[in-house]
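Structure file target-v4.csv (CSV, C-alpha atoms) follows.
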chain,number,residue,atom,x,y,z
A,1,MET,CA,16.0,3.8,-12.5
A,2,HIS,CA,19.0,6.1,-12.6
A,3,ARG,CA,18.7,8.3,-9.6
A,4,ARG,CA,19.2,11.5,-11.6
A,5,ASP,CA,16.1,10.7,-13.5
A,6,PHE,CA,14.1,10.5,-10.2
A,7,LEU,CA,14.4,14.3,-10.0
A,8,SER,CA,11.9,14.7,-12.8
A,9,LEU,CA,9.4,12.5,-11.1
A,10,LEU,CA,9.4,13.8,-7.6
A,11,PRO,CA,7.6,16.9,-6.1
A,12,ALA,CA,9.5,20.0,-5.5
A,13,GLY,CA,10.8,20.4,-2.0
A,14,LEU,CA,11.2,16.7,-1.4
A,15,PHE,CA,14.3,16.9,0.8
A,16,VAL,CA,13.2,18.5,4.1
A,17,PRO,CA,14.4,18.0,7.6
A,18,ALA,CA,12.9,15.1,9.4
A,19,GLU,CA,11.3,17.3,12.0
A,20,LEU,CA,9.4,19.2,9.3
A,21,LEU,CA,8.3,15.9,7.7
A,22,ALA,CA,6.9,14.8,11.1
A,23,ALA,CA,5.0,18.1,11.4
A,24,ARG,CA,3.2,17.5,8.1
A,25,PRO,CA,-0.5,16.3,8.1
A,26,HIS,CA,0.9,12.8,7.7
A,27,PRO,CA,4.3,11.9,9.1
A,28,PHE,CA,5.1,9.6,6.2
A,29,ARG,CA,5.1,9.5,2.4
A,30,ILE,CA,3.6,7.2,-0.1
A,31,ARG,CA,6.7,6.2,-2.0
A,32,THR,CA,4.9,4.6,-4.8
A,33,ILE,CA,1.5,3.7,-6.2
A,34,THR,CA,2.3,0.6,-8.4
A,35,ALA,CA,-0.2,-0.8,-10.9
A,36,GLY,CA,0.2,-4.5,-11.8
A,37,GLU,CA,-0.6,-5.1,-15.4
A,38,PRO,CA,-0.8,-8.5,-17.3
A,39,LEU,CA,0.8,-6.9,-20.3
A,40,VAL,CA,-0.2,-7.9,-23.8
A,41,LEU,CA,2.2,-6.7,-26.5
A,42,ALA,CA,-0.6,-6.5,-29.1
A,43,GLY,CA,-2.1,-3.1,-28.2
A,44,TRP,CA,0.3,-2.5,-25.3
A,45,GLU,CA,0.3,1.2,-25.6
A,46,LYS,CA,-3.5,1.6,-25.1
A,47,GLN,CA,-3.3,-0.8,-22.1
A,48,LEU,CA,-0.5,1.2,-20.5
A,49,ARG,CA,-2.2,4.5,-21.2
A,50,GLN,CA,-5.2,3.3,-19.3
A,51,ALA,CA,-2.9,2.2,-16.4
A,52,VAL,CA,-1.2,5.6,-16.4
A,53,THR,CA,-4.6,7.3,-16.2
A,54,PHE,CA,-5.6,5.1,-13.3
A,55,LEU,CA,-2.3,5.9,-11.5
A,56,ARG,CA,-2.7,9.7,-12.0
A,57,ASP,CA,-6.3,9.6,-10.8
A,58,ALA,CA,-5.3,7.6,-7.7
A,59,ARG,CA,-2.4,10.0,-6.9
A,60,ALA,CA,-4.8,13.0,-7.2
A,61,GLU,CA,-7.1,11.3,-4.7
A,62,TYR,CA,-4.3,10.8,-2.2
A,63,GLU,CA,-3.0,14.3,-2.7
A,64,ALA,CA,-6.4,15.7,-2.1
A,65,GLN,CA,-6.1,14.1,1.4
A,66,ASP,CA,-2.7,15.8,1.9
A,67,TYR,CA,-0.6,12.7,1.3
A,68,GLU,CA,2.6,13.1,-0.6
A,69,VAL,CA,3.0,10.6,-3.5
A,70,GLN,CA,6.5,10.3,-4.8
A,71,THR,CA,6.3,8.0,-7.8
A,72,LEU,CA,3.9,6.1,-10.1
A,73,ARG,CA,5.0,2.7,-11.3
A,74,ILE,CA,3.8,-0.2,-13.4
A,75,ALA,CA,4.9,-3.9,-12.9
A,76,THR,CA,4.3,-6.6,-15.4
A,77,GLN,CA,4.3,-10.3,-15.4
A,78,PRO,CA,7.8,-11.9,-16.0
A,79,LEU,CA,9.2,-10.7,-19.3
A,80,PRO,CA,9.6,-14.1,-20.9
A,81,ASP,CA,5.8,-14.7,-20.5
A,82,TYR,CA,4.9,-12.0,-23.0
A,83,LEU,CA,8.1,-11.5,-25.0
A,84,SER,CA,9.5,-14.9,-26.2
A,85,ASP,CA,12.6,-13.5,-27.9
A,86,TRP,CA,13.5,-11.2,-25.1
A,87,LEU,CA,17.2,-12.0,-25.3
A,88,SER,CA,17.4,-10.9,-28.9
A,89,PRO,CA,18.1,-7.4,-30.4
A,90,ALA,CA,14.4,-7.4,-31.4
A,91,GLY,CA,13.5,-8.0,-27.8
A,92,LEU,CA,15.7,-5.2,-26.6
A,93,LYS,CA,14.0,-2.9,-29.1
A,94,VAL,CA,10.6,-3.7,-27.6
A,95,ILE,CA,11.9,-2.9,-24.1
A,96,ALA,CA,13.3,0.4,-25.4
A,97,GLU,CA,9.9,1.3,-26.7
A,98,LEU,CA,8.4,0.6,-23.3
A,99,ASP,CA,11.1,2.7,-21.7
A,100,ALA,CA,10.3,5.6,-24.1
A,101,PHE,CA,6.7,5.4,-23.1
A,102,CYS,CA,7.6,5.5,-19.4
A,103,ALA,CA,9.8,8.6,-20.0
A,104,GLN,CA,6.9,10.3,-21.8
A,105,HIS,CA,4.4,9.6,-19.1
A,106,GLU,CA,6.8,10.1,-16.1
A,107,ILE,CA,6.5,6.6,-14.7
A,108,VAL,CA,8.9,3.7,-14.0
A,109,MET,CA,8.4,0.0,-14.9
A,110,SER,CA,9.5,-3.3,-13.7
A,111,ILE,CA,9.5,-6.2,-16.3
A,112,GLY,CA,9.8,-8.7,-13.5
A,113,PRO,CA,12.1,-11.7,-13.2
A,114,VAL,CA,13.7,-12.8,-16.4
A,115,ILE,CA,14.8,-16.0,-14.7
A,116,ASN,CA,13.0,-17.6,-11.9
A,117,ALA,CA,14.2,-21.2,-11.9
A,118,ASN,CA,17.5,-23.1,-11.6
A,119,GLN,CA,18.7,-21.8,-14.9
A,120,TYR,CA,22.0,-20.4,-16.1
A,121,GLU,CA,21.8,-18.0,-19.0
A,122,ALA,CA,25.2,-17.5,-20.6
A,123,GLY,CA,24.2,-14.4,-22.6
A,124,LEU,CA,22.3,-12.7,-19.8
A,125,ALA,CA,25.1,-10.4,-18.5
A,126,ASP,CA,25.7,-8.8,-22.0
A,127,TRP,CA,22.0,-8.4,-22.5
A,128,ALA,CA,21.6,-6.8,-19.1
A,129,ALA,CA,24.5,-4.4,-19.7
A,130,GLU,CA,22.9,-3.4,-23.0
A,131,LEU,CA,19.5,-3.0,-21.4
A,132,ILE,CA,20.7,-0.8,-18.6
A,133,SER,CA,22.9,1.4,-20.8
A,134,THR,CA,20.0,2.0,-23.3
A,135,THR,CA,17.0,2.5,-21.0
A,136,ARG,CA,16.4,4.8,-18.1
A,137,ARG,CA,13.2,3.6,-16.4
A,138,ILE,CA,13.2,-0.2,-16.7
A,139,SER,CA,14.1,-2.5,-13.8
A,140,PHE,CA,14.3,-6.3,-13.7
A,141,THR,CA,15.3,-9.2,-11.5
A,142,VAL,CA,16.7,-12.8,-11.4
A,143,GLY,CA,14.9,-15.1,-9.0
A,144,VAL,CA,17.5,-17.1,-7.1
A,145,ALA,CA,15.2,-19.1,-4.8
A,146,SER,CA,11.5,-19.9,-5.0
A,147,VAL,CA,8.8,-21.8,-3.2
A,148,ASP,CA,8.7,-24.6,-5.8
A,149,GLY,CA,12.3,-24.8,-6.7
A,150,GLY,CA,14.3,-24.0,-3.6
A,151,VAL,CA,17.7,-22.4,-4.1
A,152,HIS,CA,18.7,-21.9,-7.8
A,153,PRO,CA,22.5,-22.2,-8.2
A,154,GLY,CA,22.3,-21.5,-12.0
A,155,ALA,CA,20.3,-18.3,-11.5
A,156,ILE,CA,22.7,-17.2,-8.7
A,157,ARG,CA,25.6,-17.5,-11.1
A,158,SER,CA,23.7,-15.5,-13.8
A,159,ALA,CA,22.7,-12.8,-11.3
A,160,ALA,CA,26.3,-12.3,-10.1
A,161,GLU,CA,27.5,-12.0,-13.7
A,162,VAL,CA,24.7,-9.4,-14.4
A,163,ILE,CA,25.8,-7.3,-11.4
A,164,ALA,CA,29.4,-7.4,-12.6
A,165,ALA,CA,28.6,-6.4,-16.1
A,166,ILE,CA,26.2,-3.6,-15.2
A,167,ALA,CA,28.8,-2.1,-12.8
A,168,GLN,CA,31.4,-1.8,-15.6
A,169,THR,CA,29.0,-0.3,-18.1
A,170,SER,CA,27.1,2.4,-16.1
A,171,PRO,CA,28.4,5.6,-14.5
A,172,SER,CA,29.7,4.9,-11.0
A,173,GLY,CA,28.0,1.5,-11.3
A,174,GLU,CA,24.6,3.1,-10.6
A,175,GLY,CA,22.8,0.9,-13.1
A,176,ASN,CA,22.6,-1.8,-10.4
A,177,PHE,CA,19.8,0.3,-8.8
A,178,ASN,CA,17.7,-1.2,-11.5
A,179,PHE,CA,18.5,-4.8,-10.8
A,180,ALA,CA,18.3,-7.3,-7.9
A,181,ALA,CA,18.7,-11.0,-7.2
A,182,THR,CA,15.4,-11.9,-5.5
A,183,ALA,CA,14.4,-14.9,-3.4
A,184,HIS,CA,10.8,-15.8,-2.6
A,185,CYS,CA,9.6,-12.4,-3.6
A,186,PRO,CA,5.8,-12.6,-4.2
A,187,PRO,CA,3.9,-10.9,-7.0
A,188,GLY,CA,2.3,-7.7,-6.1
A,189,THR,CA,5.4,-6.2,-4.5
A,190,PRO,CA,5.1,-2.4,-5.1
A,191,PHE,CA,8.8,-1.7,-4.5
A,192,PHE,CA,11.3,-1.9,-7.3
A,193,PRO,CA,13.3,-3.6,-8.7
A,194,ALA,CA,11.7,-6.6,-7.0
A,195,GLY,CA,8.1,-5.7,-8.1
A,196,TRP,CA,6.3,-8.0,-10.6
A,197,HIS,CA,2.8,-8.9,-11.4
A,198,GLN,CA,0.6,-12.0,-11.7
A,199,GLY,CA,-3.1,-12.3,-12.4
A,200,GLU,CA,-5.8,-9.7,-12.9
A,201,PRO,CA,-5.0,-5.9,-13.0
A,202,SER,CA,-4.2,-4.7,-9.5
A,203,PHE,CA,-2.5,-2.0,-7.5
A,204,ALA,CA,-0.5,-1.7,-4.3
A,205,LEU,CA,1.1,1.0,-2.2
A,206,GLY,CA,4.7,1.3,-0.9
A,207,LEU,CA,5.4,3.7,1.9
A,208,GLU,CA,8.3,5.7,3.4
A,209,THR,CA,7.4,5.6,7.1
A,210,PRO,CA,10.6,6.1,9.3
A,211,PRO,CA,9.3,9.4,10.8
A,212,LEU,CA,6.1,7.7,11.8
A,213,LEU,CA,8.1,4.9,13.5
A,214,LEU,CA,10.3,7.5,15.2
A,215,GLU,CA,7.2,9.1,16.6
A,216,ALA,CA,6.1,5.8,18.0
A,217,VAL,CA,9.4,5.0,19.6
A,218,LYS,CA,9.7,8.4,21.2
A,219,SER,CA,6.2,8.1,22.6
A,220,LEU,CA,6.6,4.6,23.8
A,221,PRO,CA,4.7,4.2,27.2
A,222,ALA,CA,6.3,2.5,30.1
A,223,ASN,CA,5.6,-1.3,30.4
A,224,VAL,CA,4.4,-1.5,26.8
A,225,SER,CA,6.3,-3.6,24.2
A,226,ALA,CA,7.8,-1.6,21.4
A,227,SER,CA,6.4,-3.9,18.7
A,228,ARG,CA,2.9,-3.5,20.0
A,229,HIS,CA,3.1,0.3,20.3
A,230,ILE,CA,4.7,0.6,16.8
A,231,ALA,CA,2.0,-1.6,15.3
A,232,ALA,CA,-0.8,0.4,17.0
A,233,THR,CA,0.7,3.7,15.8
A,234,MET,CA,1.1,2.4,12.2
A,235,ASP,CA,-2.4,0.8,12.1
A,236,SER,CA,-4.0,4.1,13.2
A,237,ALA,CA,-2.0,6.1,10.6
A,238,LEU,CA,-2.5,3.6,7.7
A,239,ALA,CA,-6.1,2.7,8.1
A,240,PRO,CA,-7.3,5.8,6.2
A,241,VAL,CA,-4.7,5.0,3.4
A,242,GLN,CA,-6.2,1.5,3.1
A,243,SER,CA,-9.8,2.9,3.2
A,244,LEU,CA,-9.1,5.2,0.3
A,245,ALA,CA,-7.4,2.4,-1.6
A,246,GLU,CA,-10.5,0.2,-1.2
A,247,THR,CA,-12.7,3.1,-2.5
A,248,ILE,CA,-10.4,3.5,-5.5
A,249,ALA,CA,-10.5,-0.3,-6.1
A,250,ALA,CA,-14.3,-0.5,-5.9
A,251,ARG,CA,-14.7,2.4,-8.4
A,252,SER,CA,-12.0,1.3,-10.9
A,253,GLY,CA,-12.5,-2.5,-10.8
A,254,LYS,CA,-8.8,-3.1,-10.1
A,255,ILE,CA,-7.8,-5.4,-7.2
A,256,PHE,CA,-6.2,-3.6,-4.2
A,257,GLY,CA,-3.3,-5.9,-3.3
A,258,GLY,CA,-2.4,-4.1,-0.1
A,259,ILE,CA,0.3,-1.9,1.5
A,260,ASP,CA,3.9,-2.9,1.6
A,261,ALA,CA,4.5,-1.7,5.1
A,262,SER,CA,8.3,-1.8,4.8
A,263,PRO,CA,9.6,1.4,6.3
A,264,ALA,CA,11.6,2.4,3.3
A,265,PRO,CA,14.0,5.1,4.3
A,266,GLY,CA,15.2,8.3,2.6
A,267,LEU,CA,18.0,10.7,3.3
A,268,ASP,CA,15.7,12.7,5.4
A,269,ALA,CA,13.8,9.7,6.9
A,270,SER,CA,16.3,7.3,8.5
A,271,ILE,CA,15.4,3.8,9.7
A,272,GLY,CA,18.8,3.8,11.3
A,273,GLU,CA,17.7,6.7,13.5
A,274,VAL,CA,14.6,4.8,14.5
A,275,ILE,CA,16.7,1.7,15.5
A,276,GLU,CA,19.1,3.8,17.5
A,277,ALA,CA,16.3,5.6,19.3
A,278,LEU,CA,14.9,2.2,20.2
A,279,THR,CA,18.2,0.8,21.5
A,280,GLY,CA,20.0,3.9,22.7
A,281,ALA,CA,23.1,2.7,21.0
A,282,PRO,CA,24.7,3.1,17.6
A,283,PHE,CA,23.4,0.9,14.8
A,284,GLY,CA,25.6,-2.3,14.7
A,285,SER,CA,25.8,-2.6,18.5
A,286,ALA,CA,24.7,-5.8,20.2
A,287,SER,CA,21.2,-4.5,20.7
A,288,THR,CA,20.6,-3.9,16.9
A,289,LEU,CA,19.4,-7.4,16.2
A,290,SER,CA,16.7,-7.3,18.9
A,291,ALA,CA,15.5,-3.9,17.7
A,292,CYS,CA,15.2,-5.2,14.1
A,293,ALA,CA,13.2,-8.1,15.4
A,294,SER,CA,10.9,-5.8,17.4
A,295,ILE,CA,10.2,-3.6,14.3
A,296,THR,CA,9.6,-6.7,12.2
A,297,ASP,CA,7.2,-8.1,14.7
A,298,ALA,CA,5.3,-4.9,14.5
A,299,LEU,CA,5.1,-5.0,10.8
A,300,LYS,CA,4.0,-8.6,10.7
A,301,SER,CA,1.2,-7.9,13.2
A,302,LEU,CA,-0.4,-5.0,11.4
A,303,ARG,CA,-4.2,-5.2,10.9
A,304,VAL,CA,-4.1,-3.3,7.6
A,305,ARG,CA,-3.8,-5.4,4.5
A,306,THR,CA,-0.1,-5.9,3.7
A,307,CYS,CA,1.7,-7.2,0.7
A,308,GLY,CA,5.2,-7.6,-0.7
A,309,TYR,CA,8.2,-7.5,1.7
A,310,SER,CA,6.5,-5.8,4.6
A,311,GLY,CA,9.8,-6.1,6.3
A,312,LEU,CA,12.6,-3.9,7.6
A,313,MET,CA,14.7,-2.3,4.8
A,314,LEU,CA,18.3,-1.4,5.5
A,315,PRO,CA,19.7,0.2,2.3
A,316,VAL,CA,23.2,1.3,3.3
A,317,LEU,CA,23.7,4.1,0.8
A,318,GLU,CA,20.2,5.6,1.0
A,319,ASP,CA,20.2,6.1,4.8
A,320,LYS,CA,22.5,8.6,6.4
A,321,VAL,CA,22.7,6.8,9.8
A,322,LEU,CA,23.3,3.4,8.2
A,323,ALA,CA,26.0,4.8,5.9
A,324,LYS,CA,27.7,6.6,8.7
A,325,ARG,CA,27.8,3.5,10.9
A,326,ALA,CA,29.2,1.5,8.0
A,327,ALA,CA,31.9,4.1,7.5
A,328,GLU,CA,32.7,3.8,11.3
A,329,GLY,CA,33.1,0.0,10.8
A,330,ARG,CA,30.3,-0.8,13.2
A,331,TYR,CA,28.8,-3.5,11.0
A,332,GLY,CA,29.5,-5.3,7.7
A,333,ILE,CA,27.8,-7.6,5.3
A,334,SER,CA,27.8,-10.6,7.7
A,335,GLU,CA,25.9,-8.4,10.2
A,336,LEU,CA,23.4,-7.4,7.5
A,337,LEU,CA,22.8,-11.0,6.8
A,338,LEU,CA,22.3,-11.7,10.5
A,339,TYR,CA,19.7,-8.9,10.7
A,340,SER,CA,18.0,-10.3,7.6
A,341,SER,CA,17.3,-13.5,9.6
A,342,VAL,CA,14.8,-11.5,11.8
A,343,CYS,CA,13.7,-8.8,9.3
A,344,GLY,CA,13.8,-7.4,6.0
A,345,THR,CA,14.9,-7.3,2.5
A,346,GLY,CA,18.4,-8.8,2.5
A,347,LEU,CA,21.3,-6.8,1.2
A,348,ASP,CA,20.2,-3.5,-0.3
A,349,VAL,CA,22.4,-0.9,-2.0
A,350,VAL,CA,25.5,-2.3,-0.4
A,351,PRO,CA,28.7,-0.6,-1.7
A,352,ILE,CA,31.4,-3.2,-2.6
A,353,ALA,CA,34.7,-3.1,-4.5
A,354,GLY,CA,34.4,-2.4,-8.2
A,355,ASP,CA,36.6,-5.4,-9.1
A,356,SER,CA,34.6,-7.8,-7.0
A,357,SER,CA,34.5,-11.1,-9.0
A,358,ALA,CA,31.3,-12.7,-10.1
A,359,GLU,CA,32.3,-15.8,-8.0
A,360,SER,CA,32.6,-13.8,-4.8
A,361,MET,CA,29.3,-12.0,-5.4
A,362,ALA,CA,27.6,-15.4,-6.2
A,363,SER,CA,28.7,-16.6,-2.8
A,364,VAL,CA,27.0,-13.7,-1.0
A,365,ILE,CA,23.9,-14.0,-3.2
A,366,GLY,CA,23.8,-17.7,-2.4
A,367,ASP,CA,23.8,-16.9,1.4
A,368,VAL,CA,20.8,-14.6,0.8
A,369,ALA,CA,19.0,-17.3,-1.2
A,370,ALA,CA,19.7,-19.9,1.5
A,371,LEU,CA,18.5,-17.6,4.2
A,372,SER,CA,15.3,-16.8,2.3
A,373,ASN,CA,14.7,-20.5,1.5
A,374,LYS,CA,15.2,-21.5,5.1
A,375,TYR,CA,12.7,-19.1,6.5
A,376,GLN,CA,10.4,-19.0,3.4
A,377,LYS,CA,10.4,-15.2,3.3
A,378,PRO,CA,11.2,-12.6,0.6
A,379,LEU,CA,14.8,-11.3,0.5
A,380,SER,CA,16.9,-9.8,-2.2
A,381,ALA,CA,20.5,-8.8,-3.0
A,382,ARG,CA,21.1,-5.4,-4.6
A,383,LEU,CA,24.9,-5.2,-4.6
A,384,PHE,CA,26.6,-2.0,-5.7
A,385,PRO,CA,30.1,-2.5,-7.1
A,386,ILE,CA,31.8,0.9,-7.5
A,387,PRO,CA,34.3,1.0,-10.3
A,388,GLY,CA,37.8,2.1,-9.2
A,389,LYS,CA,37.1,1.6,-5.5
A,390,SER,CA,38.4,-1.0,-3.1
A,391,ALA,CA,37.3,-2.2,0.3
A,392,GLY,CA,37.7,0.5,2.9
A,393,ASP,CA,37.8,3.4,0.3
A,394,ALA,CA,35.6,6.4,1.0
A,395,VAL,CA,32.8,6.9,-1.5
A,396,SER,CA,30.8,10.0,-2.2
A,397,PHE,CA,28.3,10.8,-4.8
A,398,ASN,CA,27.0,13.9,-6.7
A,399,ASN,CA,23.6,12.5,-6.2
A,400,PRO,CA,20.8,13.8,-3.9
A,401,PHE,CA,19.6,10.3,-3.2
A,402,LEU,CA,22.9,8.8,-2.0
A,403,THR,CA,25.1,9.6,0.9
A,404,ASP,CA,28.8,9.2,1.7
A,405,SER,CA,30.1,6.0,3.1
A,406,VAL,CA,32.9,3.4,2.6
A,407,VAL,CA,33.2,0.4,0.4
A,408,MET,CA,32.3,-2.7,2.4
A,409,PRO,CA,34.4,-5.9,2.1
A,410,LEU,CA,32.5,-9.0,0.7
A,411,ASP,CA,34.4,-11.4,3.0

Spit out the file's structure as structure tokens when you get a sec.
Amino acid sequence: MHRRDFLSLLPAGLFVPAELLAARPHPFRIRTITAGEPLVLAGWEKQLRQAVTFLRDARAEYEAQDYEVQTLRIATQPLPDYLSDWLSPAGLKVIAELDAFCAQHEIVMSIGPVINANQYEAGLADWAAELISTTRRISFTVGVASVDGGVHPGAIRSAAEVIAAIAQTSPSGEGNFNFAATAHCPPGTPFFPAGWHQGEPSFALGLETPPLLLEAVKSLPANVSASRHIAATMDSALAPVQSLAETIAARSGKIFGGIDASPAPGLDASIGEVIEALTGAPFGSASTLSACASITDALKSLRVRTCGYSGLMLPVLEDKVLAKRAAEGRYGISELLLYSSVCGTGLDVVPIAGDSSAESMASVIGDVAALSNKYQKPLSARLFPIPGKSAGDAVSFNNPFLTDSVVMPLD
């Protein structure tokens, strides 16, 4: 969603120094409780009201245990599965009605992948620009690689055209927060825009855990591997989160899909700071790759039930350390792709020139798709063209969720 709209969804006093966050009862936040709903348009409002009631009740139970819950979200099955004329004006009207419902109930919604095969859709870019300009709380994706189909060149071309169109029709290009090209992203992912649903009603949790990881790194015992210590610290902290989720699932009848253990950062919770504490060097230095691998190994060895990415997130514009190191020229898009080979989520909130061509973006998205397909793991590309800016230009935002950096060259 547009970041200015997040302000109405988040608790007061969200932005606090990292040391104060670490001193709270739980040194991490629950970024999202996401309900997965197999949406049926006939009677959809009643169905979604029930989902909202479930989400609010779940949030209340976590807050009663002193956990901070930032957002409530709903993910549906892929849009074409329940709205056959989704590309038409009538289809956009239905989505606008869903968006109005979300605004009324202070939730956000992902309508899933609109393409998830080797398919080029000529009218998709115009449709996407219209959708983003007329809704506030809807996100969607294009699947550019899948288990069954491998890499999807047609979808890659469509996704690149969507990014270019959205950038030119939304203030500062911020509409691209609501869209990503995804590869091998499974259903049940609680983070948006990649989240989508399949099967029976379910729910999953996404977390913001960099302060917890920072505690683990700073307390690392001698002769103990970082990945093992980080995993043990996270398992200890997240076991009660899982236990409460299982209680909620048993009482509600909804399936608990798991916890996406990706340490999603915020402006007061930097994953870049964690990596630098682990390496003792600025992010982008030669030791960065091994640190990313260590953290990923920890995430993949957790005993709690995980789902979604459960990998290392490196969103450039949402992390002060990552943004600062990018501005210093310590890493670029090629390095982010390199780090993605041992971790994470691919290219996330990467600032690029506003006049970047669809062809150049398709090349980068194709690299992400190839990497995802090679290692059979979820990756995505959320590129952020900034109108009027060229590679090397400084960028700043009147937005509490974004930090200053520079435009990164695609090549």

**Request:** For A:Ser285, work out the shell of residues within 12 Å, counting only C-alpha atoms and skipping chain neighbours fewer than 6 positions away, then give it as a PyMOL selection string.
**Result:** chain A and resi 272+275-276+279+291-292+325-326+328-332+335+339

Could you please take those selected residues and save C-alpha atoms as an mmCIF file, keeping the file's coordinate frame?
data_model
loop_
_atom_site.group_PDB
_atom_site.id
_atom_site.type_symbol
_atom_site.label_atom_id
_atom_site.label_comp_id
_atom_site.auth_asym_id
_atom_site.auth_seq_id
_atom_site.Cartn_x
_atom_site.Cartn_y
_atom_site.Cartn_z
ATOM 1 C CA GLY A 272 18.800 3.800 11.300
ATOM 2 C CA ILE A 275 16.700 1.700 15.500
ATOM 3 C CA GLU A 276 19.100 3.800 17.500
ATOM 4 C CA THR A 279 18.200 0.800 21.500
ATOM 5 C CA ALA A 291 15.500 -3.900 17.700
ATOM 6 C CA CYS A 292 15.200 -5.200 14.100
ATOM 7 C CA ARG A 325 27.800 3.500 10.900
ATOM 8 C CA ALA A 326 29.200 1.500 8.000
ATOM 9 C CA GLU A 328 32.700 3.800 11.300
ATOM 10 C CA GLY A 329 33.100 0.000 10.800
ATOM 11 C CA ARG A 330 30.300 -0.800 13.200
ATOM 12 C CA TYR A 331 28.800 -3.500 11.000
ATOM 13 C CA GLY A 332 29.500 -5.300 7.700
ATOM 14 C CA GLU A 335 25.900 -8.400 10.200
ATOM 15 C CA TYR A 339 19.700 -8.900 10.700
#

**Message:** Please list, as a PyMOL selection string, the residues that have an atom at most 7 Å away from (20.2, 4.8, 0.3) in the coordinates of this file, counting all atoms listed in the file.
**Reply:** chain A and resi 266-267+315-319+349+401-403

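The residue that comes closest to A:Trp196, out of A:Pro265, A:Gly308, A:Gly173, A:Gly280 and on the basis of all atoms listed in the file, is A:Gly308.
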
**Request:** Around the point (5.3, -12.3, -16.4), in the coordinates given by the file, pick out the residues reaching within 10 Å, counting all atoms listed in the file, and return them as a ChimeraX atom specification.
**Result:** /A:37-39,75-83,111-114,187,196-199

**Prompt:** Which distance in Å separates atom CA of A:Leu92 and atom CA of A:Leu131, to one decimal?
**Reply:** 6.8 Å

**Request:** Work out how far atom CA of A:Arg73 is from atom CA of A:Pro27, in Å to one decimal.
**Result:** 22.4 Å

Rebuild N, CA and C atoms on stretch 143-157 of chain A, as a CSV table (one decimal), in the coordinates of the input?
chain,number,residue,atom,x,y,z
A,143,GLY,N,15.4,-14.4,-10.2
A,143,GLY,CA,14.9,-15.1,-9.0
A,143,GLY,C,15.9,-16.2,-8.7
A,144,VAL,N,16.5,-16.1,-7.5
A,144,VAL,CA,17.5,-17.1,-7.1
A,144,VAL,C,17.1,-18.1,-6.1
A,145,ALA,N,15.8,-18.0,-5.7
A,145,ALA,CA,15.2,-19.1,-4.8
A,145,ALA,C,13.7,-18.9,-4.9
A,146,SER,N,12.9,-20.0,-4.9
A,146,SER,CA,11.5,-19.9,-5.0
A,146,SER,C,10.8,-21.0,-4.2
A,147,VAL,N,9.5,-20.9,-4.0
A,147,VAL,CA,8.8,-21.8,-3.2
A,147,VAL,C,8.9,-23.2,-3.8
A,148,ASP,N,8.7,-23.3,-5.1
A,148,ASP,CA,8.7,-24.6,-5.8
A,148,ASP,C,10.0,-25.2,-6.0
A,149,GLY,N,11.0,-24.3,-6.3
A,149,GLY,CA,12.3,-24.8,-6.7
A,149,GLY,C,13.4,-24.7,-5.7
A,150,GLY,N,13.2,-24.2,-4.6
A,150,GLY,CA,14.3,-24.0,-3.6
A,150,GLY,C,15.3,-23.0,-4.1
A,151,VAL,N,16.6,-23.3,-3.7
A,151,VAL,CA,17.7,-22.4,-4.1
A,151,VAL,C,18.1,-22.7,-5.6
A,152,HIS,N,18.4,-21.7,-6.4
A,152,HIS,CA,18.7,-21.9,-7.8
A,152,HIS,C,20.1,-21.5,-8.1
A,153,PRO,N,21.0,-22.5,-8.0
A,153,PRO,CA,22.5,-22.2,-8.2
A,153,PRO,C,22.8,-21.6,-9.6
A,154,GLY,N,22.1,-22.1,-10.6
A,154,GLY,CA,22.3,-21.5,-12.0
A,154,GLY,C,21.9,-20.1,-12.0
A,155,ALA,N,20.8,-19.7,-11.5
A,155,ALA,CA,20.3,-18.3,-11.5
A,155,ALA,C,21.2,-17.5,-10.6
A,156,ILE,N,21.8,-18.0,-9.5
A,156,ILE,CA,22.7,-17.2,-8.7
A,156,ILE,C,23.9,-16.8,-9.5
A,157,ARG,N,24.5,-17.8,-10.3
A,157,ARG,CA,25.6,-17.5,-11.1
A,157,ARG,C,25.3,-16.4,-12.1
